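K.L.:
File run.cif follows (mmCIF, C-alpha atoms):
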```cif
data_model
loop_
_atom_site.label_atom_id
_atom_site.label_comp_id
_atom_site.auth_asym_id
_atom_site.auth_seq_id
_atom_site.Cartn_x
_atom_site.Cartn_y
_atom_site.Cartn_z
CA MET A 4 66.00 -220.79 9.62
CA ALA A 5 68.62 -218.11 10.13
CA ALA A 6 66.33 -216.29 12.56
CA ALA A 7 65.67 -219.50 14.50
CA ALA A 8 69.39 -220.21 14.71
CA LEU A 9 70.03 -216.66 15.93
CA VAL A 10 67.36 -216.98 18.63
CA THR A 11 68.80 -220.34 19.71
CA GLU A 12 72.30 -218.89 20.00
CA ASN A 13 71.00 -215.93 21.99
CA PHE A 14 69.22 -218.27 24.43
CA LYS A 15 72.43 -220.27 24.81
CA PHE A 16 74.34 -217.08 25.54
CA VAL A 17 71.79 -215.94 28.13
CA ALA A 18 71.81 -219.37 29.81
CA LEU A 19 75.60 -219.36 29.91
CA PHE A 20 75.61 -215.83 31.32
CA PHE A 21 73.18 -216.77 34.08
CA LYS A 22 75.15 -219.89 34.93
CA SER A 23 78.46 -218.04 35.12
CA LYS A 24 77.00 -215.08 37.03
CA ASP A 25 74.81 -216.97 39.48
CA VAL A 26 75.88 -214.89 42.50
CA MET A 27 75.21 -211.61 40.69
CA ILE A 28 71.83 -212.85 39.44
CA PHE A 29 70.93 -214.12 42.92
CA ASN A 30 71.79 -210.76 44.48
CA GLY A 31 69.82 -209.00 41.75
CA LEU A 32 66.76 -211.14 42.44
CA ILE A 33 67.06 -210.38 46.15
CA ALA A 34 67.21 -206.66 45.37
CA LEU A 35 64.19 -206.85 43.05
CA GLY A 36 62.20 -208.80 45.62
CA THR A 37 63.09 -206.22 48.25
CA VAL A 38 62.01 -203.34 45.98
CA ALA A 39 58.69 -205.08 45.33
CA SER A 40 58.16 -205.65 49.06
CA GLN A 41 59.03 -202.03 49.85
CA THR A 42 56.67 -200.71 47.19
CA ALA A 43 53.84 -202.93 48.40
CA PHE A 44 54.47 -201.81 51.98
CA ASN A 45 54.26 -198.12 51.03
CA VAL A 46 51.07 -198.68 49.04
CA PHE A 47 49.16 -200.99 51.37
CA ALA A 48 50.61 -200.72 54.88
CA PHE A 49 52.43 -197.43 55.46
CA GLU A 50 50.27 -195.03 57.47
CA CYS A 51 52.03 -192.16 59.21
CA PRO A 52 50.34 -191.29 62.57
CA CYS A 53 50.84 -187.54 61.92
CA SER A 54 51.25 -186.98 65.64
CA SER A 55 54.08 -185.23 67.42
CA GLY A 56 56.39 -187.70 69.14
CA ARG A 57 55.04 -190.67 67.19
CA ASN A 58 56.07 -189.70 63.68
CA TYR A 59 59.77 -190.01 64.41
CA LEU A 60 59.51 -193.47 65.93
CA TYR A 61 57.15 -194.72 63.23
CA GLY A 62 59.30 -193.38 60.39
CA LEU A 63 62.50 -194.87 61.77
CA ALA A 64 60.75 -198.18 62.44
CA ALA A 65 59.40 -198.28 58.88
CA ILE A 66 62.95 -197.94 57.55
CA GLY A 67 64.98 -199.80 60.17
CA VAL A 68 62.91 -202.76 61.36
CA PRO A 69 62.33 -204.38 57.93
CA ALA A 70 65.99 -203.77 57.08
CA MET A 71 67.07 -205.53 60.28
CA ALA A 72 64.67 -208.41 59.56
CA PHE A 73 66.06 -208.79 56.03
CA PHE A 74 69.59 -208.77 57.44
CA LEU A 75 68.86 -211.51 59.99
CA VAL A 76 67.08 -213.64 57.38
CA GLY A 77 70.09 -213.17 55.08
CA ILE A 78 72.43 -214.33 57.85
CA MET A 79 70.28 -217.40 58.53
CA MET A 80 69.96 -218.34 54.86
CA ASN A 81 73.67 -218.02 54.14
CA ARG A 82 75.37 -221.42 53.92
CA SER A 83 78.65 -219.93 55.17
CA THR A 84 76.95 -219.01 58.47
CA TRP A 85 76.29 -222.64 59.31
CA ASP A 86 79.72 -223.67 58.02
CA LEU A 87 81.18 -221.28 60.58
CA VAL A 88 78.87 -222.58 63.32
CA SER A 89 79.86 -226.17 62.48
CA GLU A 90 83.54 -225.22 62.44
CA CYS A 91 83.31 -223.71 65.91
CA ARG A 92 81.25 -226.61 67.26
CA LEU A 93 83.39 -229.40 65.79
CA ARG A 94 86.86 -227.87 65.97
CA SER A 95 86.35 -224.93 68.35
CA CYS A 96 87.57 -222.55 65.60
CA ARG A 97 91.12 -223.31 66.71
CA LYS A 98 92.39 -223.31 63.12
CA LEU A 99 90.49 -220.15 62.15
CA SER A 100 93.01 -217.32 61.93
CA GLY A 101 92.11 -213.65 62.26
CA ALA A 102 92.45 -213.08 58.52
CA SER A 103 90.34 -216.14 57.70
CA ALA A 104 87.65 -215.08 60.17
CA PHE A 105 87.60 -211.56 58.69
CA VAL A 106 87.20 -212.89 55.15
CA LEU A 107 84.47 -215.33 56.14
CA LEU A 108 82.50 -212.83 58.22
CA GLY A 109 82.88 -210.26 55.45
CA THR A 110 81.40 -212.73 52.97
CA ILE A 111 78.47 -213.54 55.25
CA VAL A 112 77.70 -209.93 56.15
CA GLY A 113 78.24 -208.65 52.61
CA ARG A 114 75.73 -211.07 51.09
CA SER A 115 73.26 -210.42 53.90
CA LEU A 116 73.40 -206.63 53.42
CA VAL A 117 72.00 -206.70 49.87
CA ALA A 118 68.34 -206.77 50.90
CA PRO A 119 68.49 -204.35 53.87
CA ILE A 120 70.50 -201.74 51.98
CA THR A 121 68.10 -202.00 49.05
CA TRP A 122 65.20 -201.48 51.44
CA VAL A 123 66.81 -198.43 53.06
CA VAL A 124 67.82 -196.89 49.72
CA PHE A 125 64.36 -197.20 48.17
CA SER A 126 62.71 -196.01 51.38
CA LEU A 127 64.85 -192.87 51.21
CA LEU A 128 64.30 -192.37 47.47
CA GLN A 129 60.53 -192.58 47.89
CA GLY A 130 60.74 -190.25 50.88
CA GLN A 131 57.49 -191.15 52.66
CA ALA A 132 59.07 -192.64 55.78
CA TYR A 133 61.66 -189.84 56.00
CA MET A 134 58.96 -187.18 55.66
CA CYS A 135 56.92 -188.86 58.37
CA ALA A 136 59.89 -189.11 60.73
CA LEU A 137 61.31 -185.59 60.36
CA SER A 138 58.36 -183.36 59.47
CA GLU A 139 57.94 -182.22 63.06
CA PHE A 140 61.55 -181.01 63.12
CA VAL A 141 61.11 -178.64 60.18
CA ASP A 142 61.70 -175.05 61.30
CA PRO A 143 58.57 -173.09 60.28
CA GLY A 144 60.58 -169.89 60.62
CA LYS A 145 62.37 -170.81 57.38
CA LEU A 146 59.08 -171.03 55.48
CA GLU A 147 58.35 -167.65 53.94
CA GLY A 148 54.98 -166.28 55.07
CA PHE A 149 54.33 -169.00 57.64
CA PRO A 150 52.00 -167.59 60.36
CA SER A 151 53.85 -166.79 63.56
CA GLY A 152 52.68 -168.09 66.90
CA ARG A 153 51.72 -171.54 65.62
CA GLU A 154 52.77 -174.50 67.76
CA LEU A 155 55.63 -176.57 66.40
CA LYS A 156 53.43 -179.66 66.83
CA VAL A 157 51.43 -178.57 63.83
CA MET A 158 54.38 -179.55 61.60
CA ALA A 159 53.82 -183.20 62.58
CA LYS A 160 50.54 -183.12 60.62
CA PHE A 161 52.19 -182.32 57.28
CA PRO A 162 52.78 -185.95 56.19
CA CYS A 163 48.96 -186.28 56.15
CA ARG A 164 47.79 -183.58 53.79
CA ASP A 165 44.16 -183.84 54.86
CA SER A 166 45.16 -183.19 58.48
CA VAL A 167 46.97 -179.92 57.75
CA PRO A 168 44.92 -176.86 58.80
CA THR A 169 43.31 -175.07 55.88
CA GLU A 170 45.33 -171.87 56.38
CA LEU A 171 48.58 -173.91 56.14
CA GLN A 172 47.67 -175.99 53.08
CA SER A 173 49.68 -173.68 50.83
CA PHE A 174 52.89 -174.67 52.68
CA TRP A 175 52.39 -178.42 52.27
CA ALA A 176 54.06 -178.67 48.85
CA GLU A 177 57.11 -176.71 50.05
CA VAL A 178 57.53 -178.88 53.16
CA GLU A 179 57.14 -182.05 51.10
CA ARG A 180 59.66 -180.83 48.53
CA GLN A 181 62.22 -179.95 51.20
CA LEU A 182 61.94 -183.26 53.05
CA LYS A 183 61.97 -185.38 49.89
CA TYR A 184 65.04 -183.47 48.72
CA GLU A 185 66.84 -184.37 51.94
CA SER A 186 65.62 -187.98 51.83
CA GLN A 187 66.60 -188.60 48.21
CA LEU A 188 69.96 -186.91 48.70
CA LEU A 189 70.72 -189.32 51.55
CA GLY A 190 69.54 -192.23 49.40
CA TRP A 191 71.83 -191.35 46.49
CA LEU A 192 74.76 -190.73 48.84
CA LEU A 193 74.20 -194.19 50.34
CA VAL A 194 74.18 -195.69 46.82
CA ALA A 195 77.45 -193.91 46.01
CA VAL A 196 79.14 -194.99 49.25
CA MET A 197 78.08 -198.62 48.91
CA SER A 198 79.08 -198.76 45.22
CA LEU A 199 82.53 -197.40 46.04
CA THR A 200 82.88 -199.81 48.98
CA VAL A 201 81.93 -202.83 46.86
CA PHE A 202 84.36 -201.75 44.13
CA LEU A 203 87.26 -201.36 46.59
CA LEU A 204 86.51 -204.68 48.30
CA LEU A 205 86.42 -206.51 44.97
CA CYS A 206 89.75 -204.93 44.02
CA MET A 207 91.26 -205.99 47.35
CA LYS A 208 89.89 -209.50 46.91
CA ARG A 209 91.38 -209.86 43.42
CA CYS A 210 94.73 -208.40 44.47
CA SER A 211 95.11 -210.57 47.58
CA SER A 212 93.82 -213.83 46.05
CA PRO A 213 96.45 -216.57 45.54
CA LEU A 214 94.58 -217.67 42.42
CA GLY A 215 94.34 -216.19 38.97
CA TYR A 216 91.01 -214.94 37.64
CA GLN A 217 90.41 -218.07 35.51
CA GLN A 218 91.19 -220.50 38.32
CA GLU A 219 89.08 -218.54 40.81
CA ASP A 220 86.18 -218.68 38.36
CA TYR A 221 86.78 -222.44 38.00
CA TRP A 222 86.84 -222.81 41.79
CA SER A 223 83.49 -221.04 42.00
CA GLN A 224 82.01 -223.34 39.34
CA TYR A 225 83.45 -226.40 41.09
CA ARG A 226 81.88 -225.45 44.42
CA SER A 227 78.52 -224.79 42.78
CA ASN A 228 78.58 -228.15 40.95
CA GLU A 229 79.81 -230.04 43.98
CA ARG A 230 77.05 -228.56 46.13
CA THR A 231 74.36 -229.40 43.56
CA LEU A 232 75.59 -232.97 43.02
CA PHE A 233 76.12 -233.53 46.75
CA GLN A 234 72.58 -232.43 47.62
CA ARG A 235 71.06 -234.45 44.77
CA THR A 236 73.04 -237.56 45.71
CA ALA A 237 72.28 -237.11 49.41
CA THR A 238 68.57 -237.03 48.58
CA VAL A 239 68.80 -240.30 46.64
CA HIS A 240 71.04 -241.91 49.29
CA ALA A 241 68.64 -240.96 52.09
CA ARG A 242 65.70 -242.33 50.10
CA LEU A 243 67.44 -245.65 49.41
CA LEU A 244 68.61 -246.03 53.01
CA ALA A 245 65.08 -245.31 54.22
CA ALA A 246 63.72 -247.86 51.72
CA GLU A 247 66.06 -250.53 53.05
CA ASN A 248 65.05 -249.86 56.64
CA VAL A 249 61.34 -249.79 55.82
CA LYS A 250 61.71 -253.08 53.90
CA SER A 251 63.52 -254.70 56.81
CA PHE A 252 60.62 -253.74 59.10
CA PHE A 253 57.62 -254.51 56.87
CA GLY A 254 59.20 -257.09 54.61
CA PHE A 255 58.47 -254.96 51.55
CA VAL A 256 58.55 -251.31 50.54
CA ALA A 257 56.18 -249.38 48.23
CA LEU A 258 58.33 -247.52 45.72
CA GLU A 259 57.59 -245.33 42.73
CA ALA A 260 58.93 -246.45 39.35
CA GLU A 261 61.81 -243.96 39.51
CA GLU A 262 62.73 -245.11 43.01
CA LYS A 263 62.70 -248.76 41.90
CA ASP A 264 65.13 -247.88 39.09
CA GLN A 265 67.41 -246.09 41.56
CA LEU A 266 67.31 -249.06 43.96
CA ALA A 267 68.09 -251.48 41.12
CA GLU A 268 70.98 -249.31 39.95
CA HIS A 269 72.60 -248.68 43.32
CA GLN A 270 71.60 -251.94 45.07
CA ARG A 271 72.03 -250.57 48.59
CA ALA A 272 73.01 -247.44 50.50
CA SER A 273 75.52 -247.87 53.29
CA THR A 274 75.33 -245.65 56.36
CA ILE A 275 77.99 -242.93 56.46
CA CYS A 276 79.75 -242.57 59.81
CA SER A 277 79.56 -239.28 61.73
CA THR A 278 83.34 -238.89 61.56
CA ASN A 279 83.26 -238.59 57.77
CA TRP A 280 80.30 -236.20 57.89
CA ASN A 281 82.27 -234.00 60.28
CA ARG A 282 85.34 -234.15 58.07
CA VAL A 283 83.51 -232.68 55.09
CA THR A 284 81.58 -230.11 57.18
CA GLY A 285 82.86 -226.70 58.19
CA VAL A 286 84.84 -223.74 56.90
CA TYR A 287 87.21 -224.15 53.99
CA LEU A 288 89.25 -221.48 52.22
CA TYR A 289 91.91 -222.90 49.91
CA ARG A 290 94.77 -225.37 50.12
CA GLU A 291 97.13 -227.28 47.84
CA LYS A 292 98.76 -230.68 48.16
CA THR A 293 102.09 -231.08 46.34
CA GLY A 294 101.09 -228.27 44.00
CA LEU A 295 97.64 -229.66 43.21
CA PRO A 296 94.66 -227.57 44.35
CA LEU A 297 92.13 -228.90 46.83
CA TYR A 298 88.93 -227.00 46.18
CA SER A 299 86.81 -228.11 49.14
CA ARG A 300 86.71 -230.24 52.25
CA LEU A 301 85.12 -233.00 50.20
CA ASN A 302 87.92 -232.73 47.62
CA LYS A 303 90.50 -232.93 50.42
CA TRP A 304 88.74 -235.88 52.05
CA ALA A 305 88.57 -237.79 48.74
CA THR A 306 92.26 -237.11 48.02
CA TYR A 307 93.48 -238.42 51.36
CA SER A 308 91.01 -241.31 51.35
CA GLN A 309 92.57 -242.60 48.15
CA GLU A 310 95.96 -242.68 49.89
CA ASN A 311 94.40 -244.61 52.81
CA ASN A 312 96.53 -242.62 55.25
CA LEU A 313 94.32 -242.06 58.29
CA GLU A 314 96.97 -240.20 60.28
CA ALA A 315 97.56 -237.66 57.49
CA MET A 316 93.81 -237.34 56.97
CA GLU A 317 93.14 -236.59 60.64
CA LYS A 318 95.85 -233.94 60.59
CA GLU A 319 94.86 -232.31 57.30
CA MET A 320 91.09 -232.29 57.80
CA ASP A 321 91.56 -229.91 60.75
CA VAL A 322 93.38 -227.41 58.52
CA LEU A 323 91.33 -224.64 56.93
CA SER A 324 93.83 -223.34 54.42
#
```
So that I can check it, write out the structure of this file as structure tokens.
P.N.:
Amino acid sequence: MAAAALVTENFKFVALFFKSKDVMIFNGLIALGTVASQTAFNVFAFECPCSSGRNYLYGLAAIGVPAMAFFLVGIMMNRSTWDLVSECRLRSCRKLSGASAFVLLGTIVGRSLVAPITWVVFSLLQGQAYMCALSEFVDPGKLEGFPSGRELKVMAKFPCRDSVPTELQSFWAEVERQLKYESQLLGWLLVAVMSLTVFLLLCMKRCSSPLGYQQEDYWSQYRSNERTLFQRTATVHARLLAAENVKSFFGFVALEAEEKDQLAEHQRASTICSTNWNRVTGVYLYREKTGLPLYSRLNKWATYSQENNLEAMEKEMDVLS
């Protein structure tokens, strides 16, 4: 019984940790997925041409193109990207100050850089792409005992061991060791630079935040819960509204048991006007009303809706922070 209770408590702790560290866990999963993709690419797809003039382009493409693709996908999948697009479309970004724009763009770019930097780092640590790209630039004069008079193009064949001439096979291990040393050194330097940058940015964020650590953590939990409940409720609302429209056309609607229960509980779903959708859509940083925090555009909209003051609402819903 004691062991079962201990296991139960440990599971509760792990669940609480994951819930409170969702951003860190999400970034970690992105990094792990990127590592798996990079490893699979090296095993199944990477094939250096071992040809002078082509190695460099192929090696750089193997490192840079997937990183750029990961970055663009990260930008597209970031909710803040479309908040910014909506803000500029609906309100022409007229309330977006330079500082606010810097913070928002930093958040978008920072989250989107997790996957591409992971790809670049592990590409450099494995060294295959770097060796392919720079083998032809190795100076054979620095290799002790290397035959003189050989064309420099022969160095481009070293990434493919089977293509290296028999009399130069003894130099393959030395060339590989030198290039992997350079590649891994760059990889670890990149890790150090990015770690230091993230640390300094987090320090700056904490020092410049108007909120204490506990309230900022609460704000993060509020936004996560609001987003989850909003999406879940929007799904149900859209289903009920669709059911009403289908019923008005056919005279009946075929619903699952769960949908019938939802329809019986909520009776009907009224259409939400575009003005209200626009009011709760866009960029939001932080704002207070008479000392009370407003944690989101939806929170602000609900607060001013209760006062039934349309003029104040129109004025305040244009304000970002």
K.L.:
Smallest atom-to-atom distance to A:Val178: which of A:Lys292, A:Lys145, A:Arg92, A:Lys156, using all atoms listed in the file?
P.N.:
A:Lys145
K.L.:
Check what the PyMOL selection byres ((chain A and resi 298) around 10) selects in the file above and give those residues as a PDB file with C-alpha atoms, in the coordinates of the input.
P.N.:
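Okay, part-v5.pdb is ready:
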```pdb
ATOM      1  CA  TYR A 221      86.780-222.440  38.000  1.00  0.00           C
ATOM      2  CA  TRP A 222      86.840-222.810  41.790  1.00  0.00           C
ATOM      3  CA  SER A 223      83.490-221.040  42.000  1.00  0.00           C
ATOM      4  CA  TYR A 225      83.450-226.400  41.090  1.00  0.00           C
ATOM      5  CA  ARG A 226      81.880-225.450  44.420  1.00  0.00           C
ATOM      6  CA  GLU A 229      79.810-230.040  43.980  1.00  0.00           C
ATOM      7  CA  TYR A 287      87.210-224.150  53.990  1.00  0.00           C
ATOM      8  CA  LEU A 288      89.250-221.480  52.220  1.00  0.00           C
ATOM      9  CA  TYR A 289      91.910-222.900  49.910  1.00  0.00           C
ATOM     10  CA  ARG A 290      94.770-225.370  50.120  1.00  0.00           C
ATOM     11  CA  GLU A 291      97.130-227.280  47.840  1.00  0.00           C
ATOM     12  CA  LEU A 295      97.640-229.660  43.210  1.00  0.00           C
ATOM     13  CA  PRO A 296      94.660-227.570  44.350  1.00  0.00           C
ATOM     14  CA  LEU A 297      92.130-228.900  46.830  1.00  0.00           C
ATOM     15  CA  SER A 299      86.810-228.110  49.140  1.00  0.00           C
ATOM     16  CA  ARG A 300      86.710-230.240  52.250  1.00  0.00           C
ATOM     17  CA  LEU A 301      85.120-233.000  50.200  1.00  0.00           C
ATOM     18  CA  ASN A 302      87.920-232.730  47.620  1.00  0.00           C
ATOM     19  CA  LYS A 303      90.500-232.930  50.420  1.00  0.00           C
TER      20      LYS A 303
END
```
K.L.:
Given the PyMOL selection byres ((chain A and resi 53-62) around 6) and the file above, list the residues it selects as a list in words.
P.N.:
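The output of the PyMOL selection byres ((chain A and resi 53-62) around 6) on this file is Cys51, Pro52, Leu63, Ala64, Ala65, Ala132, Cys135, Ala136, Lys156, Ala159 and Lys160 of chain A.
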K.L.:
So that I can check the surroundings of A:Ala241, please list as a compact mmCIF listing (two decimals) with C-alpha atoms, keeping the file's coordinate frame every protein, DNA and RNA residue that reaches within 12 Å of it, counting only C-alpha atoms and ignoring chain neighbours fewer than 5 positions away.
P.N.:
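In the end it all went to around_4.txt:
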```
# COMPACT_ATOMS: atom_id res chain seq x y z
CA PHE A 233 76.12 -233.53 46.75
CA GLN A 234 72.58 -232.43 47.62
CA ARG A 235 71.06 -234.45 44.77
CA THR A 236 73.04 -237.56 45.71
CA ALA A 246 63.72 -247.86 51.72
CA GLU A 247 66.06 -250.53 53.05
CA ASN A 248 65.05 -249.86 56.64
CA GLU A 262 62.73 -245.11 43.01
CA GLN A 265 67.41 -246.09 41.56
CA LEU A 266 67.31 -249.06 43.96
CA ARG A 271 72.03 -250.57 48.59
CA ALA A 272 73.01 -247.44 50.50
CA SER A 273 75.52 -247.87 53.29
CA THR A 274 75.33 -245.65 56.36
CA ILE A 275 77.99 -242.93 56.46
```
K.L.:
Quick one: residues within 7 Å of A:Ala34, all atoms listed in the file counted, chain neighbours fewer than 4 positions away excluded, as a tab-separated table (two decimals) with C-alpha atoms, keeping the file's coordinate frame?
P.N.:
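Saved to out.tsv:
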```tsv
chain	number	residue	atom	x	y	z
A	30	ASN	CA	71.79	-210.76	44.48
A	38	VAL	CA	62.01	-203.34	45.98
A	117	VAL	CA	72.00	-206.70	49.87
A	118	ALA	CA	68.34	-206.77	50.90
A	121	THR	CA	68.10	-202.00	49.05
```
K.L.:
Have a look at A:Cys91, A:Ile111, A:Leu199, A:Val286 and name the one nearest to A:Gly77; count only C-alpha atoms.
P.N.:
A:Ile111
K.L.:
Evaluating the PyMOL selection byres ((chain A and resi 124) around 12) on the displayed file yields which residues, as a PDB file with C-alpha atoms, in the frame of the given file?
P.N.:
```pdb
ATOM      1  CA  ALA A  34      67.210-206.660  45.370  1.00  0.00           C
ATOM      2  CA  THR A  37      63.090-206.220  48.250  1.00  0.00           C
ATOM      3  CA  VAL A  38      62.010-203.340  45.980  1.00  0.00           C
ATOM      4  CA  GLN A  41      59.030-202.030  49.850  1.00  0.00           C
ATOM      5  CA  ILE A  66      62.950-197.940  57.550  1.00  0.00           C
ATOM      6  CA  GLY A  67      64.980-199.800  60.170  1.00  0.00           C
ATOM      7  CA  ALA A  70      65.990-203.770  57.080  1.00  0.00           C
ATOM      8  CA  LEU A 116      73.400-206.630  53.420  1.00  0.00           C
ATOM      9  CA  VAL A 117      72.000-206.700  49.870  1.00  0.00           C
ATOM     10  CA  ALA A 118      68.340-206.770  50.900  1.00  0.00           C
ATOM     11  CA  PRO A 119      68.490-204.350  53.870  1.00  0.00           C
ATOM     12  CA  ILE A 120      70.500-201.740  51.980  1.00  0.00           C
ATOM     13  CA  THR A 121      68.100-202.000  49.050  1.00  0.00           C
ATOM     14  CA  TRP A 122      65.200-201.480  51.440  1.00  0.00           C
ATOM     15  CA  VAL A 123      66.810-198.430  53.060  1.00  0.00           C
ATOM     16  CA  PHE A 125      64.360-197.200  48.170  1.00  0.00           C
ATOM     17  CA  SER A 126      62.710-196.010  51.380  1.00  0.00           C
ATOM     18  CA  LEU A 127      64.850-192.870  51.210  1.00  0.00           C
ATOM     19  CA  LEU A 128      64.300-192.370  47.470  1.00  0.00           C
ATOM     20  CA  GLN A 129      60.530-192.580  47.890  1.00  0.00           C
ATOM     21  CA  GLY A 130      60.740-190.250  50.880  1.00  0.00           C
ATOM     22  CA  ALA A 132      59.070-192.640  55.780  1.00  0.00           C
ATOM     23  CA  TYR A 133      61.660-189.840  56.000  1.00  0.00           C
ATOM     24  CA  SER A 186      65.620-187.980  51.830  1.00  0.00           C
ATOM     25  CA  GLN A 187      66.600-188.600  48.210  1.00  0.00           C
ATOM     26  CA  LEU A 188      69.960-186.910  48.700  1.00  0.00           C
ATOM     27  CA  LEU A 189      70.720-189.320  51.550  1.00  0.00           C
ATOM     28  CA  GLY A 190      69.540-192.230  49.400  1.00  0.00           C
ATOM     29  CA  TRP A 191      71.830-191.350  46.490  1.00  0.00           C
ATOM     30  CA  LEU A 192      74.760-190.730  48.840  1.00  0.00           C
ATOM     31  CA  LEU A 193      74.200-194.190  50.340  1.00  0.00           C
ATOM     32  CA  VAL A 194      74.180-195.690  46.820  1.00  0.00           C
ATOM     33  CA  ALA A 195      77.450-193.910  46.010  1.00  0.00           C
ATOM     34  CA  VAL A 196      79.140-194.990  49.250  1.00  0.00           C
ATOM     35  CA  MET A 197      78.080-198.620  48.910  1.00  0.00           C
TER      36      MET A 197
END
```
K.L.:
Find, counting only C-alpha atoms, the residue in A:Thr306, A:Gln181, A:Thr200, A:Ser151 that gets nearest to A:Gly113.
P.N.:
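Checking each candidate against A:Gly113, we get A:Thr200 as the closest.
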K.L.:
Since fewer atoms than expected are present, regenerate all heavy atoms for stretch 31-37 of chain A and write them as a PDB file, in the frame of the given file.
P.N.:
```
ATOM      1  N   GLY A  31      70.766-209.839  42.461  1.00  0.00           N
ATOM      2  CA  GLY A  31      69.820-209.000  41.750  1.00  0.00           C
ATOM      3  C   GLY A  31      68.378-209.378  42.039  1.00  0.00           C
ATOM      4  O   GLY A  31      67.514-208.506  42.219  1.00  0.00           O
ATOM      5  N   LEU A  32      68.106-210.682  42.120  1.00  0.00           N
ATOM      6  CA  LEU A  32      66.760-211.140  42.440  1.00  0.00           C
ATOM      7  C   LEU A  32      66.363-210.748  43.865  1.00  0.00           C
ATOM      8  O   LEU A  32      65.208-210.382  44.119  1.00  0.00           O
ATOM      9  CB  LEU A  32      66.661-212.659  42.268  1.00  0.00           C
ATOM     10  CG  LEU A  32      66.750-213.178  40.826  1.00  0.00           C
ATOM     11  CD1 LEU A  32      66.755-214.699  40.806  1.00  0.00           C
ATOM     12  CD2 LEU A  32      65.591-212.636  39.990  1.00  0.00           C
ATOM     13  N   ILE A  33      67.327-210.818  44.780  1.00  0.00           N
ATOM     14  CA  ILE A  33      67.060-210.380  46.150  1.00  0.00           C
ATOM     15  C   ILE A  33      66.696-208.900  46.163  1.00  0.00           C
ATOM     16  O   ILE A  33      65.732-208.480  46.825  1.00  0.00           O
ATOM     17  CB  ILE A  33      68.290-210.636  47.047  1.00  0.00           C
ATOM     18  CG1 ILE A  33      68.473-212.138  47.276  1.00  0.00           C
ATOM     19  CG2 ILE A  33      68.133-209.928  48.393  1.00  0.00           C
ATOM     20  CD1 ILE A  33      69.705-212.477  48.089  1.00  0.00           C
ATOM     21  N   ALA A  34      67.476-208.098  45.418  1.00  0.00           N
ATOM     22  CA  ALA A  34      67.210-206.660  45.370  1.00  0.00           C
ATOM     23  C   ALA A  34      65.842-206.367  44.766  1.00  0.00           C
ATOM     24  O   ALA A  34      65.077-205.541  45.290  1.00  0.00           O
ATOM     25  CB  ALA A  34      68.308-205.958  44.566  1.00  0.00           C
ATOM     26  N   LEU A  35      65.495-207.066  43.681  1.00  0.00           N
ATOM     27  CA  LEU A  35      64.190-206.850  43.050  1.00  0.00           C
ATOM     28  C   LEU A  35      63.049-207.249  43.974  1.00  0.00           C
ATOM     29  O   LEU A  35      62.022-206.560  44.055  1.00  0.00           O
ATOM     30  CB  LEU A  35      64.111-207.635  41.738  1.00  0.00           C
ATOM     31  CG  LEU A  35      64.950-207.095  40.568  1.00  0.00           C
ATOM     32  CD1 LEU A  35      64.860-208.041  39.374  1.00  0.00           C
ATOM     33  CD2 LEU A  35      64.480-205.700  40.173  1.00  0.00           C
ATOM     34  N   GLY A  36      63.221-208.373  44.671  1.00  0.00           N
ATOM     35  CA  GLY A  36      62.200-208.800  45.620  1.00  0.00           C
ATOM     36  C   GLY A  36      62.030-207.794  46.748  1.00  0.00           C
ATOM     37  O   GLY A  36      60.908-207.525  47.202  1.00  0.00           O
ATOM     38  N   THR A  37      63.148-207.217  47.189  1.00  0.00           N
ATOM     39  CA  THR A  37      63.090-206.220  48.250  1.00  0.00           C
ATOM     40  C   THR A  37      62.376-204.954  47.788  1.00  0.00           C
ATOM     41  O   THR A  37      61.573-204.370  48.517  1.00  0.00           O
ATOM     42  CB  THR A  37      64.510-205.861  48.723  1.00  0.00           C
ATOM     43  OG1 THR A  37      65.198-207.057  49.097  1.00  0.00           O
ATOM     44  CG2 THR A  37      64.464-204.936  49.923  1.00  0.00           C
TER      45      THR A  37
END
```
